[in-house]
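Report on the following structure.
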Amino acid sequence: MFEKGQSTPEEYPGNCEPEALLEGRSLIVVSNRGPASFSRDEDGTVKIQRGGGGLVTALLGLAKSVDISWIAAAIGDLEKEWGWGEVEIGENGRTIDLHLIPIDEDIYNGYYNVISNPLLWFIQHSMWDFVSGPNINRDTWKAWDQGYAEANRKFAQTVAQHIKAAPGRSLVMLQDYHLYLLPRMLRRLMRRTRRSRKVTLTHFVHIPWPGSEELRILPSRMRKEILDGLCAVDLLGFQTREDVLNFLQSVESHLPGTSVNYKHRRVWYRNHATIVCNFPISIDVPAIKEMAGSPETQQQRTQFEEMIKGQQLILRVDRTDPSKNIVRGFQSFGEMLELHPEHHGKVKFIALLVPSRLDVDEYHDYHNKIMAAAGWVNSQFGTSEWEPIRVMIGENYPGAVAALQLYDVLLVNSIADGMNLVAKEGPVVNQRDGVLVLSERTGASEQLESGALVISPCDIYATAEALHQALTMSDEERKIRANRLRWLVEENDIVDWFCKQIKEIGKFGY
Ligand code: F6P
């Protein structure tokens with residue numbers, strides 16, 4: 001039986017050259033959010049920039065070494081106007097063939113704002129308070145059938161077109177929880193076409209997979225449709241060993257007609273085998289180092305240095321997502337200031353926060369709670385000379401990289417997190433032997449716990465003490481821990497994540 005703690009998948013010997021491993025297959029990446037963000041300049045010209053978020057950060061690294069067709073939803077009007085074409089993202093002039101699918105507003109709202117976030121996101125991050133939610137009513141079912149399923153169908157149709165247009169074999173890599181129904185729909189569309197044998201289908205779930213009991217919160221039809229969809233892929237990837245085990249148990253409990261082999265991490269269903277493995281996602285190490293040395297980042301670094309004025313820096317960089325546990329982070333900082341007054345005036349907590357999913361009530365409310373929690377700490381402990389917490393809202397990737405170079409303590413205290421790439425970016429660019437305070441409920445903790453101070457995310461007192469321990473740690477211990485973290489991340493970057501998946505499917509002849 002495959003158990004927590006056992007190391008999987010096996011070590012993968014040999015080189016990691018994405019292009020060679022693809023053996024001529026066309027690579028099609030599919031995700032809800034595309035890799036580019038579109039905006040209009042003051043003079044009216046359309047500006048295309050690299051998008052944010054963990055998934056995009058990770059996958060863009062791949063575009064440097066292989067040709068990618070990327071299919072995503074057209075979210076705003078500018079994206080709808082864009083449609084389909086080559087887009088240059090990043091510094092090295094390589095382009096991505098980007099196809100943005102227009103989706104009606106009603107469909108998109110049900111798919112994204114009702115089902116994906118909050119329903120699935122909250123279940124997969126154990127965030128529902130079951131006494132008050134989720135309330136699955138007629139509107140939720142409508143959003144399921146006419147939003148989530150409909151958007152997945154549109155994606156499946158577009159992917160099928162791309163597969164048919166590709167000259168040879170295709171590798172389709174589906175991403176995340178927005179697209180659970182797509183694989184089965186795609187298989188149906190491809191059935192009886194000559195291309196169907198020439199497609200390898202993978203799906204990578206970037207967020208935690210809940211225990212099978214927790215999945216029971218979803219009505220039986222929803223959970224069966226999700227599991228049925230995912231069992232149509234050849235390779236199903238998760239971030240951690242625990243996610244893999246939870247998925248295998250979920251299938252066994254909730255999807256009749258399956259046969260689960262825990263030892264070989266395989267599910268048999270409808271005469272098809274799905275391999276289920278963990279592939280911890282990572283970052284593009286050379287790219288973030290390059291960004292760290294860029295003039296823009298250096299300039300922003302000077303601004304942060306002026307803001308810190310010789311104080312120690314506690315930093316967090318997050319989307320304003322309740323799963324990130326930002327409020328408890330501020331409460332822990334307040335608790336530390338109460339328990340250890342020697343830090344007053346000598347430390348600053350900077351929170352770089354990117355607004356997220358504000359059309360969803362739970363996110364909108366959380367945004368307000370964040371500001372209130374920071375305001376409370378500042379009012380309790382701040383003076384005319386000292387502002388304990390500075391909250392900076394907005395998307396600014398070079399700014400984030402600049403601040404990551406300067407932290408003494410990086411706080412990542414998520415309630416639950418598939419991986420958390422900030423915990424990997426920080427140690428690679430930080431120049432102060434900064435200490436990582438890391439929630440045990442992040443995927444990153446499975447890899448980084450030996451270098452981090454690991455905390456339980458609801459334990460405000462322990463988090464306060466960990467912040468104090470980090471701020472007062474000896475230089476020698478800081479160095480040892482920082483070196484260990486850097487090494488752990490650099491040894492397993494995004495290219496490894498990709499290559500491990502391709503090698504795994506190669507082993508099974510897909
Ligand atoms: O895997 C989680 C994820 O999809 C990541 O890509 C990213 O961090 C975030 O969620 C993006 O969320 P959204 O596209 O809803 O802003």
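Labeling convention for the structure tokens: chains A, B, ... as they appear, residues from 1 per chain, ligands from 1 in order of appearance.
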**All helix (DSSP H, G or I) positions in range 334-415 of chain A, as an MDAnalysis selection string** = chainID A and resid 334:339 341:343 361:381 397:404
**Message:** Can you tell me which residues surround His367 in chain A at a distance of at most 9 Å, considering only C-alpha atoms, apart from same-chain residues fewer than 2 positions away, and format the answer as a list of chain:residue names?
**Reply:**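 Here the qualifying residues turn out to be A:Thr320, A:Asp321, A:Pro322, A:Pro355, A:Ser356, A:Leu358, A:Glu362, A:Tyr363, A:His364, A:Asp365, A:Lys369, A:Ile370, A:Met371, A:Ala372.
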Would you mind exporting C-alpha atoms of the selected residues as a tab-separated table (two decimals), in the first residue's frame?
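The resulting part27.tsv:
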chain	number	residue	atom	x	y	z
A	320	THR	CA	-5.79	38.52	-0.76
A	321	ASP	CA	-7.13	35.01	-0.39
A	322	PRO	CA	-8.64	33.74	2.87
A	355	PRO	CA	-6.27	41.80	-4.82
A	356	SER	CA	-7.95	38.56	-5.76
A	358	LEU	CA	-13.20	40.39	-5.37
A	362	GLU	CA	-16.01	35.74	0.90
A	363	TYR	CA	-12.99	37.38	-0.76
A	364	HIS	CA	-14.46	40.85	-0.64
A	365	ASP	CA	-15.19	40.49	3.09
A	369	LYS	CA	-10.82	42.02	7.53
A	370	ILE	CA	-7.17	42.24	6.44
A	371	MET	CA	-7.21	46.03	6.57
A	372	ALA	CA	-8.96	46.00	9.95
**Request:** Quick one: everything within 8 Å of Ala63 in chain A, counting only C-alpha atoms, minus sequence neighbours fewer than 4 positions away in the same chain. Send it as a count of residues only.
**Result:** 6
**Message:** Please list as a ChimeraX atom specification every residue within 7 Å of Val391 in chain A, counting only C-alpha atoms and excluding residues in the same chain fewer than 6 positions away.
**Reply:** /A:350-352
**Request:** From range 182-401 of chain A, collect each residue whose DSSP state is strand (DSSP E) and return the set as JSON, numbers by chain.
**Result:** {"A": [199, 200, 201, 202, 203, 204, 235, 236, 237, 238, 259, 260, 261, 266, 267, 268, 269, 272, 273, 274, 275, 276, 277, 278, 312, 313, 314, 315, 316, 317, 318, 319, 347, 348, 349, 350, 351, 352, 353, 354, 389, 390, 391, 392, 393]}
**Request:** Show me which residues sit within 9 Å of ligand 1 when counting only C-alpha atoms and all ligand atoms, and put them as a ChimeraX atom specification.
**Result:** /A:31-34,52-58,112,116-117,121,175-178,205-207,318-319,355-357,417-421
Write the residues of the selection above to a file with N, CA and C atoms, as an mmCIF file, in the first residue's frame.
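Saved the output as selection32.cif:
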data_model
loop_
_atom_site.group_PDB
_atom_site.id
_atom_site.type_symbol
_atom_site.label_atom_id
_atom_site.label_comp_id
_atom_site.auth_asym_id
_atom_site.auth_seq_id
_atom_site.Cartn_x
_atom_site.Cartn_y
_atom_site.Cartn_z
ATOM 1 N N SER A 31 -5.420 26.159 -19.302
ATOM 2 C CA SER A 31 -5.705 26.626 -17.931
ATOM 3 C C SER A 31 -6.787 27.690 -18.000
ATOM 4 N N ASN A 32 -7.422 27.938 -16.878
ATOM 5 C CA ASN A 32 -8.429 29.000 -16.881
ATOM 6 C C ASN A 32 -7.787 30.351 -17.193
ATOM 7 N N ARG A 33 -6.783 30.718 -16.400
ATOM 8 C CA ARG A 33 -6.141 32.022 -16.605
ATOM 9 C C ARG A 33 -4.945 31.846 -17.527
ATOM 10 N N GLY A 34 -4.867 32.715 -18.522
ATOM 11 C CA GLY A 34 -3.754 32.618 -19.463
ATOM 12 C C GLY A 34 -2.489 33.241 -18.902
ATOM 13 N N GLY A 52 0.066 37.103 -13.450
ATOM 14 C CA GLY A 52 0.518 36.719 -12.111
ATOM 15 C C GLY A 52 -0.002 35.345 -11.730
ATOM 16 N N GLY A 53 0.247 34.958 -10.483
ATOM 17 C CA GLY A 53 -0.256 33.680 -9.971
ATOM 18 C C GLY A 53 0.768 32.567 -10.097
ATOM 19 N N GLY A 54 0.619 31.602 -9.217
ATOM 20 C CA GLY A 54 1.596 30.517 -9.141
ATOM 21 C C GLY A 54 1.677 29.682 -10.404
ATOM 22 N N LEU A 55 0.520 29.360 -10.961
ATOM 23 C CA LEU A 55 0.486 28.483 -12.135
ATOM 24 C C LEU A 55 1.239 29.115 -13.304
ATOM 25 N N VAL A 56 0.948 30.389 -13.541
ATOM 26 C CA VAL A 56 1.585 31.091 -14.661
ATOM 27 C C VAL A 56 3.085 31.245 -14.400
ATOM 28 N N THR A 57 3.446 31.622 -13.176
ATOM 29 C CA THR A 57 4.861 31.771 -12.823
ATOM 30 C C THR A 57 5.605 30.492 -13.155
ATOM 31 N N ALA A 58 5.016 29.378 -12.788
ATOM 32 C CA ALA A 58 5.700 28.104 -12.981
ATOM 33 C C ALA A 58 5.763 27.719 -14.456
ATOM 34 N N TYR A 112 -16.697 30.360 -12.554
ATOM 35 C CA TYR A 112 -15.560 30.891 -11.784
ATOM 36 C C TYR A 112 -15.986 31.381 -10.399
ATOM 37 N N SER A 116 -15.992 27.221 -9.072
ATOM 38 C CA SER A 116 -14.536 27.079 -8.836
ATOM 39 C C SER A 116 -14.130 27.789 -7.546
ATOM 40 N N ASN A 117 -14.538 29.063 -7.458
ATOM 41 C CA ASN A 117 -14.282 29.860 -6.251
ATOM 42 C C ASN A 117 -15.630 30.444 -5.856
ATOM 43 N N TRP A 121 -12.762 25.587 -4.317
ATOM 44 C CA TRP A 121 -11.555 26.112 -3.636
ATOM 45 C C TRP A 121 -11.671 25.953 -2.113
ATOM 46 N N GLN A 175 -4.666 22.054 -16.554
ATOM 47 C CA GLN A 175 -4.245 22.601 -15.272
ATOM 48 C C GLN A 175 -5.445 22.957 -14.392
ATOM 49 N N ASP A 176 -5.434 22.401 -13.208
ATOM 50 C CA ASP A 176 -6.214 22.913 -12.083
ATOM 51 C C ASP A 176 -7.706 22.600 -12.019
ATOM 52 N N TYR A 177 -8.295 23.158 -10.955
ATOM 53 C CA TYR A 177 -9.625 22.758 -10.491
ATOM 54 C C TYR A 177 -10.764 23.355 -11.305
ATOM 55 N N HIS A 178 -10.430 24.262 -12.212
ATOM 56 C CA HIS A 178 -11.504 24.817 -13.042
ATOM 57 C C HIS A 178 -11.932 23.826 -14.118
ATOM 58 N N VAL A 205 -3.270 19.065 -10.677
ATOM 59 C CA VAL A 205 -4.112 19.800 -9.724
ATOM 60 C C VAL A 205 -3.184 20.603 -8.810
ATOM 61 N N HIS A 206 -3.248 21.920 -8.915
ATOM 62 C CA HIS A 206 -2.293 22.774 -8.187
ATOM 63 C C HIS A 206 -2.654 22.972 -6.727
ATOM 64 N N ILE A 207 -3.872 22.607 -6.357
ATOM 65 C CA ILE A 207 -4.317 22.893 -4.981
ATOM 66 C C ILE A 207 -4.491 21.570 -4.228
ATOM 67 N N ASP A 318 1.355 37.881 -0.967
ATOM 68 C CA ASP A 318 0.218 36.973 -1.174
ATOM 69 C C ASP A 318 -0.886 37.611 -1.987
ATOM 70 N N ARG A 319 -1.726 36.762 -2.590
ATOM 71 C CA ARG A 319 -3.014 37.249 -3.062
ATOM 72 C C ARG A 319 -3.896 37.437 -1.833
ATOM 73 N N PRO A 355 -4.823 42.047 -4.936
ATOM 74 C CA PRO A 355 -6.270 41.798 -4.819
ATOM 75 C C PRO A 355 -6.684 40.595 -5.644
ATOM 76 N N SER A 356 -7.591 39.803 -5.089
ATOM 77 C CA SER A 356 -7.948 38.559 -5.760
ATOM 78 C C SER A 356 -9.439 38.270 -5.639
ATOM 79 N N ARG A 357 -10.075 37.889 -6.746
ATOM 80 C CA ARG A 357 -11.448 37.343 -6.772
ATOM 81 C C ARG A 357 -12.451 38.202 -5.989
ATOM 82 N N ASP A 417 -2.427 25.165 1.373
ATOM 83 C CA ASP A 417 -1.861 25.694 0.128
ATOM 84 C C ASP A 417 -1.316 24.512 -0.667
ATOM 85 N N GLY A 418 -1.662 24.475 -1.972
ATOM 86 C CA GLY A 418 -1.171 23.354 -2.791
ATOM 87 C C GLY A 418 0.333 23.249 -2.690
ATOM 88 N N MET A 419 1.036 24.350 -2.974
ATOM 89 C CA MET A 419 2.499 24.371 -2.868
ATOM 90 C C MET A 419 2.938 25.626 -2.109
ATOM 91 N N ASN A 420 2.658 26.789 -2.646
ATOM 92 C CA ASN A 420 3.102 28.130 -2.260
ATOM 93 C C ASN A 420 4.489 28.406 -2.831
ATOM 94 N N LEU A 421 4.471 29.123 -3.937
ATOM 95 C CA LEU A 421 5.737 29.386 -4.632
ATOM 96 C C LEU A 421 6.525 30.544 -4.033
#
**Item:** d(CA of Asp129 in chain A, CA of Pro457 in chain A) in Å
**Value:**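 Distance reported for this atom pair: 16.1 Å.
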Would you mind listing, for every residue of range 407-439 of chain A within 9 Å of range 472-494 of chain A, the two atoms forming the shortest contact and the distance between them in Å to one decimal, using only C-alpha atoms, sorted by chain and ascending residue number, as a tab-separated table?
residue	atom	partner	partner_atom	distance
A:Lys424	CA	A:Val489	CA	6.1
A:Glu425	CA	A:Val489	CA	8.3
A:Gly426	CA	A:Arg486	CA	8.8
A:Pro427	CA	A:Arg486	CA	5.2
A:Val428	CA	A:Arg486	CA	5.3
A:Val429	CA	A:Arg486	CA	8.6
A:Asn430	CA	A:Ala482	CA	8.7
A:Arg432	CA	A:Lys479	CA	8.6
A:Asp433	CA	A:Ala482	CA	5.2
A:Gly434	CA	A:Ala482	CA	6.5
A:Val435	CA	A:Arg478	CA	6.4
A:Leu436	CA	A:Ala482	CA	8.2
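Of the listed residues (A:Ala466, A:Ala400, A:Leu120, A:Ile314), A:Leu120 comes nearest to Pro210 in chain A; the distances count only C-alpha atoms.
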Quick one: residues within 9 Å of range 401-404 of chain A, only C-alpha atoms, excluding same-chain residues fewer than 6 positions away - as a short mmCIF file (atom, residue, chain, number, x, y, z; two decimals) with all heavy atoms, in the first residue's frame?
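Written file, out_17.cif:
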data_model
loop_
_atom_site.label_atom_id
_atom_site.label_comp_id
_atom_site.auth_asym_id
_atom_site.auth_seq_id
_atom_site.Cartn_x
_atom_site.Cartn_y
_atom_site.Cartn_z
N ILE A 288 14.05 34.06 -12.13
CA ILE A 288 13.84 34.94 -10.96
C ILE A 288 15.17 35.59 -10.55
O ILE A 288 15.20 36.75 -10.10
CB ILE A 288 13.14 34.23 -9.78
CG1 ILE A 288 12.68 35.30 -8.78
CG2 ILE A 288 14.00 33.21 -9.11
CD1 ILE A 288 11.70 34.83 -7.76
N MET A 291 15.55 38.48 -12.86
CA MET A 291 14.64 39.56 -12.43
C MET A 291 15.22 40.29 -11.22
O MET A 291 15.15 41.52 -11.10
CB MET A 291 13.27 38.95 -12.11
CG MET A 291 12.29 39.85 -11.43
SD MET A 291 11.78 41.24 -12.43
CE MET A 291 10.43 40.54 -13.34
N ALA A 292 15.84 39.52 -10.32
CA ALA A 292 16.39 40.13 -9.09
C ALA A 292 17.51 41.13 -9.44
O ALA A 292 17.69 42.13 -8.75
CB ALA A 292 16.93 39.04 -8.17
N GLU A 296 15.02 47.60 -12.83
CA GLU A 296 13.72 47.94 -12.22
C GLU A 296 13.64 47.41 -10.78
O GLU A 296 13.20 48.10 -9.86
CB GLU A 296 12.60 47.33 -13.08
CG GLU A 296 11.25 47.88 -12.70
CD GLU A 296 10.13 47.31 -13.53
OE1 GLU A 296 10.39 46.51 -14.45
OE2 GLU A 296 8.97 47.65 -13.23
N THR A 297 14.09 46.15 -10.62
CA THR A 297 14.04 45.56 -9.29
C THR A 297 14.99 46.30 -8.34
O THR A 297 14.65 46.59 -7.18
CB THR A 297 14.42 44.06 -9.36
OG1 THR A 297 13.54 43.44 -10.29
CG2 THR A 297 14.30 43.38 -8.02
N GLN A 298 16.17 46.63 -8.85
CA GLN A 298 17.15 47.32 -8.01
C GLN A 298 16.62 48.68 -7.54
O GLN A 298 16.81 49.07 -6.39
CB GLN A 298 18.48 47.51 -8.78
CG GLN A 298 19.23 46.20 -9.00
CD GLN A 298 19.44 45.42 -7.70
OE1 GLN A 298 19.85 45.97 -6.70
NE2 GLN A 298 19.11 44.13 -7.72
N GLN A 299 15.93 49.35 -8.45
CA GLN A 299 15.39 50.66 -8.09
C GLN A 299 14.32 50.52 -6.99
O GLN A 299 14.30 51.28 -6.02
CB GLN A 299 14.78 51.29 -9.34
CG GLN A 299 14.36 52.72 -9.17
CD GLN A 299 13.25 53.06 -10.16
OE1 GLN A 299 13.07 52.39 -11.19
NE2 GLN A 299 12.49 54.08 -9.84
N GLN A 300 13.48 49.49 -7.13
CA GLN A 300 12.44 49.29 -6.12
C GLN A 300 13.04 48.84 -4.80
O GLN A 300 12.55 49.13 -3.72
CB GLN A 300 11.42 48.28 -6.62
CG GLN A 300 10.77 48.75 -7.89
CD GLN A 300 9.33 48.32 -8.01
OE1 GLN A 300 8.60 48.24 -7.03
NE2 GLN A 300 8.91 48.04 -9.22
N ARG A 301 14.17 48.14 -4.90
CA ARG A 301 14.85 47.68 -3.69
C ARG A 301 15.30 48.90 -2.86
O ARG A 301 15.15 48.92 -1.64
CB ARG A 301 16.06 46.83 -4.12
CG ARG A 301 16.80 46.25 -2.97
CD ARG A 301 18.10 45.63 -3.46
NE ARG A 301 19.02 45.64 -2.36
CZ ARG A 301 19.66 44.57 -1.92
NH1 ARG A 301 19.52 43.43 -2.51
NH2 ARG A 301 20.47 44.66 -0.89
N THR A 302 15.80 49.90 -3.55
CA THR A 302 16.23 51.12 -2.83
C THR A 302 15.05 51.75 -2.10
O THR A 302 15.17 52.20 -0.95
CB THR A 302 16.81 52.14 -3.85
OG1 THR A 302 17.74 51.44 -4.67
CG2 THR A 302 17.49 53.30 -3.19
N PHE A 304 12.43 50.21 -0.92
CA PHE A 304 12.12 49.41 0.27
C PHE A 304 13.14 49.66 1.38
O PHE A 304 12.78 49.74 2.55
CB PHE A 304 12.08 47.91 -0.08
CG PHE A 304 10.78 47.49 -0.70
CD1 PHE A 304 10.71 47.10 -2.03
CD2 PHE A 304 9.60 47.49 0.04
CE1 PHE A 304 9.51 46.72 -2.61
CE2 PHE A 304 8.39 47.11 -0.53
CZ PHE A 304 8.35 46.73 -1.86
N GLU A 305 14.40 49.81 0.99
CA GLU A 305 15.43 50.06 2.02
C GLU A 305 15.14 51.35 2.76
O GLU A 305 15.28 51.44 3.98
CB GLU A 305 16.82 50.10 1.37
CG GLU A 305 17.38 48.70 1.16
CD GLU A 305 18.57 48.65 0.20
OE1 GLU A 305 18.78 49.60 -0.56
OE2 GLU A 305 19.27 47.64 0.21
N LEU A 315 8.28 39.93 6.12
CA LEU A 315 7.60 40.14 4.82
C LEU A 315 6.59 39.04 4.55
O LEU A 315 6.80 37.88 4.92
CB LEU A 315 8.67 40.13 3.71
CG LEU A 315 8.16 40.33 2.27
CD1 LEU A 315 7.69 41.76 2.04
CD2 LEU A 315 9.27 39.98 1.26
N ARG A 316 5.51 39.42 3.88
CA ARG A 316 4.65 38.40 3.27
C ARG A 316 4.23 38.92 1.90
O ARG A 316 4.08 40.13 1.69
CB ARG A 316 3.45 38.05 4.14
CG ARG A 316 2.32 39.07 4.18
CD ARG A 316 1.13 38.53 4.97
NE ARG A 316 0.73 37.23 4.50
CZ ARG A 316 0.38 36.21 5.31
NH1 ARG A 316 0.35 36.37 6.61
NH2 ARG A 316 0.03 35.05 4.79
N VAL A 317 4.08 37.99 0.95
CA VAL A 317 3.67 38.35 -0.42
C VAL A 317 2.56 37.37 -0.79
O VAL A 317 2.79 36.17 -0.86
CB VAL A 317 4.84 38.17 -1.41
CG1 VAL A 317 4.41 38.59 -2.82
CG2 VAL A 317 6.07 38.98 -0.99
N ILE A 350 6.01 44.18 6.39
CA ILE A 350 5.45 44.67 5.12
C ILE A 350 4.66 43.54 4.47
O ILE A 350 5.16 42.41 4.34
CB ILE A 350 6.57 45.16 4.17
CG1 ILE A 350 7.27 46.38 4.77
CG2 ILE A 350 6.00 45.51 2.79
CD1 ILE A 350 8.36 46.98 3.89
N LEU A 352 2.82 42.63 1.02
CA LEU A 352 2.57 42.99 -0.38
C LEU A 352 1.41 42.11 -0.85
O LEU A 352 1.57 40.89 -1.00
CB LEU A 352 3.81 42.73 -1.23
CG LEU A 352 5.09 43.45 -0.80
CD1 LEU A 352 6.23 43.15 -1.77
CD2 LEU A 352 4.85 44.96 -0.74
N LEU A 410 10.42 35.63 6.37
CA LEU A 410 9.34 35.53 5.37
C LEU A 410 8.23 34.70 6.01
O LEU A 410 8.47 33.56 6.43
CB LEU A 410 9.88 34.84 4.11
CG LEU A 410 8.88 34.62 2.98
CD1 LEU A 410 8.36 35.95 2.43
CD2 LEU A 410 9.52 33.81 1.83
N VAL A 422 5.86 31.40 -3.25
CA VAL A 422 6.61 32.48 -2.59
C VAL A 422 7.65 31.86 -1.64
O VAL A 422 8.78 32.33 -1.52
CB VAL A 422 5.66 33.43 -1.82
CG1 VAL A 422 6.45 34.46 -1.03
CG2 VAL A 422 4.72 34.12 -2.79
N GLU A 425 10.43 31.11 -3.96
CA GLU A 425 11.08 32.28 -4.58
C GLU A 425 11.97 33.00 -3.57
O GLU A 425 13.10 33.40 -3.87
CB GLU A 425 10.03 33.25 -5.12
CG GLU A 425 9.28 32.71 -6.32
CD GLU A 425 8.12 33.60 -6.76
OE1 GLU A 425 7.39 34.13 -5.91
OE2 GLU A 425 7.94 33.75 -7.98
N GLY A 426 11.44 33.16 -2.34
CA GLY A 426 12.16 33.93 -1.32
C GLY A 426 13.58 33.43 -1.10
O GLY A 426 14.55 34.20 -1.28
N PRO A 427 13.77 32.17 -0.73
CA PRO A 427 15.12 31.69 -0.43
C PRO A 427 16.10 31.83 -1.60
O PRO A 427 17.29 31.97 -1.39
CB PRO A 427 14.89 30.21 -0.09
CG PRO A 427 13.49 30.15 0.40
CD PRO A 427 12.74 31.17 -0.40
N VAL A 429 16.27 34.34 -3.86
CA VAL A 429 16.75 35.71 -4.12
C VAL A 429 17.16 36.47 -2.86
O VAL A 429 17.81 37.51 -2.94
CB VAL A 429 15.70 36.56 -4.90
CG1 VAL A 429 15.44 35.98 -6.26
CG2 VAL A 429 14.42 36.73 -4.11
N ASN A 430 16.79 35.95 -1.68
CA ASN A 430 17.06 36.70 -0.45
C ASN A 430 18.56 36.86 -0.19
O ASN A 430 19.33 35.95 -0.44
CB ASN A 430 16.39 35.98 0.74
CG ASN A 430 16.58 36.72 2.03
OD1 ASN A 430 17.43 36.38 2.85
ND2 ASN A 430 15.79 37.77 2.22
N GLN A 431 18.94 38.05 0.29
CA GLN A 431 20.37 38.31 0.51
C GLN A 431 20.72 38.55 1.96
O GLN A 431 21.77 39.06 2.29
CB GLN A 431 20.78 39.52 -0.33
CG GLN A 431 20.68 39.21 -1.82
CD GLN A 431 21.00 40.39 -2.69
OE1 GLN A 431 21.29 41.47 -2.20
NE2 GLN A 431 20.95 40.18 -3.99
#
**Request:** Tell me which protein, DNA and RNA residues are within 7 Å of Trp386 in chain A, counting only C-alpha atoms, leaving out same-chain ones fewer than 3 positions away, and put them as a list in words.
**Result:**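 Counting only C-alpha atoms, the residues come to Gly345, Gly382 and Thr383 of chain A.
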**Request:** Give me the residues within 12 Å of Ala374 in chain A as a ChimeraX atom specification, counting only C-alpha atoms and dropping any in the same chain fewer than 4 places off.
**Result:** /A:326-334,349-351,367-370,378-382,387-392
**Distance of CA of Phe279 in chain A from CA of Ser259 in chain A, expressed in Å to one decimal place** = 22.8 Å
**Message:** What's the separation between CA of Phe508 in chain A and CA of Leu215 in chain A, in Å to one decimal place?
**Reply:** 29.5 Å
**Which residue of A:Trp376, A:Phe204, A:Tyr262, A:Trp497 approaches Leu230 in chain A most closely, using only C-alpha atoms** = A:Phe204
**Message:** So, with only C-alpha atoms as the atoms that count, which of A:Glu335, A:Asp234, A:Glu395, A:Glu465 lies closest to Ile505 in chain A?
**Reply:**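 Going through A:Glu335, A:Asp234, A:Glu395, A:Glu465 one by one, the smallest distance to Ile505 in chain A is for A:Asp234.
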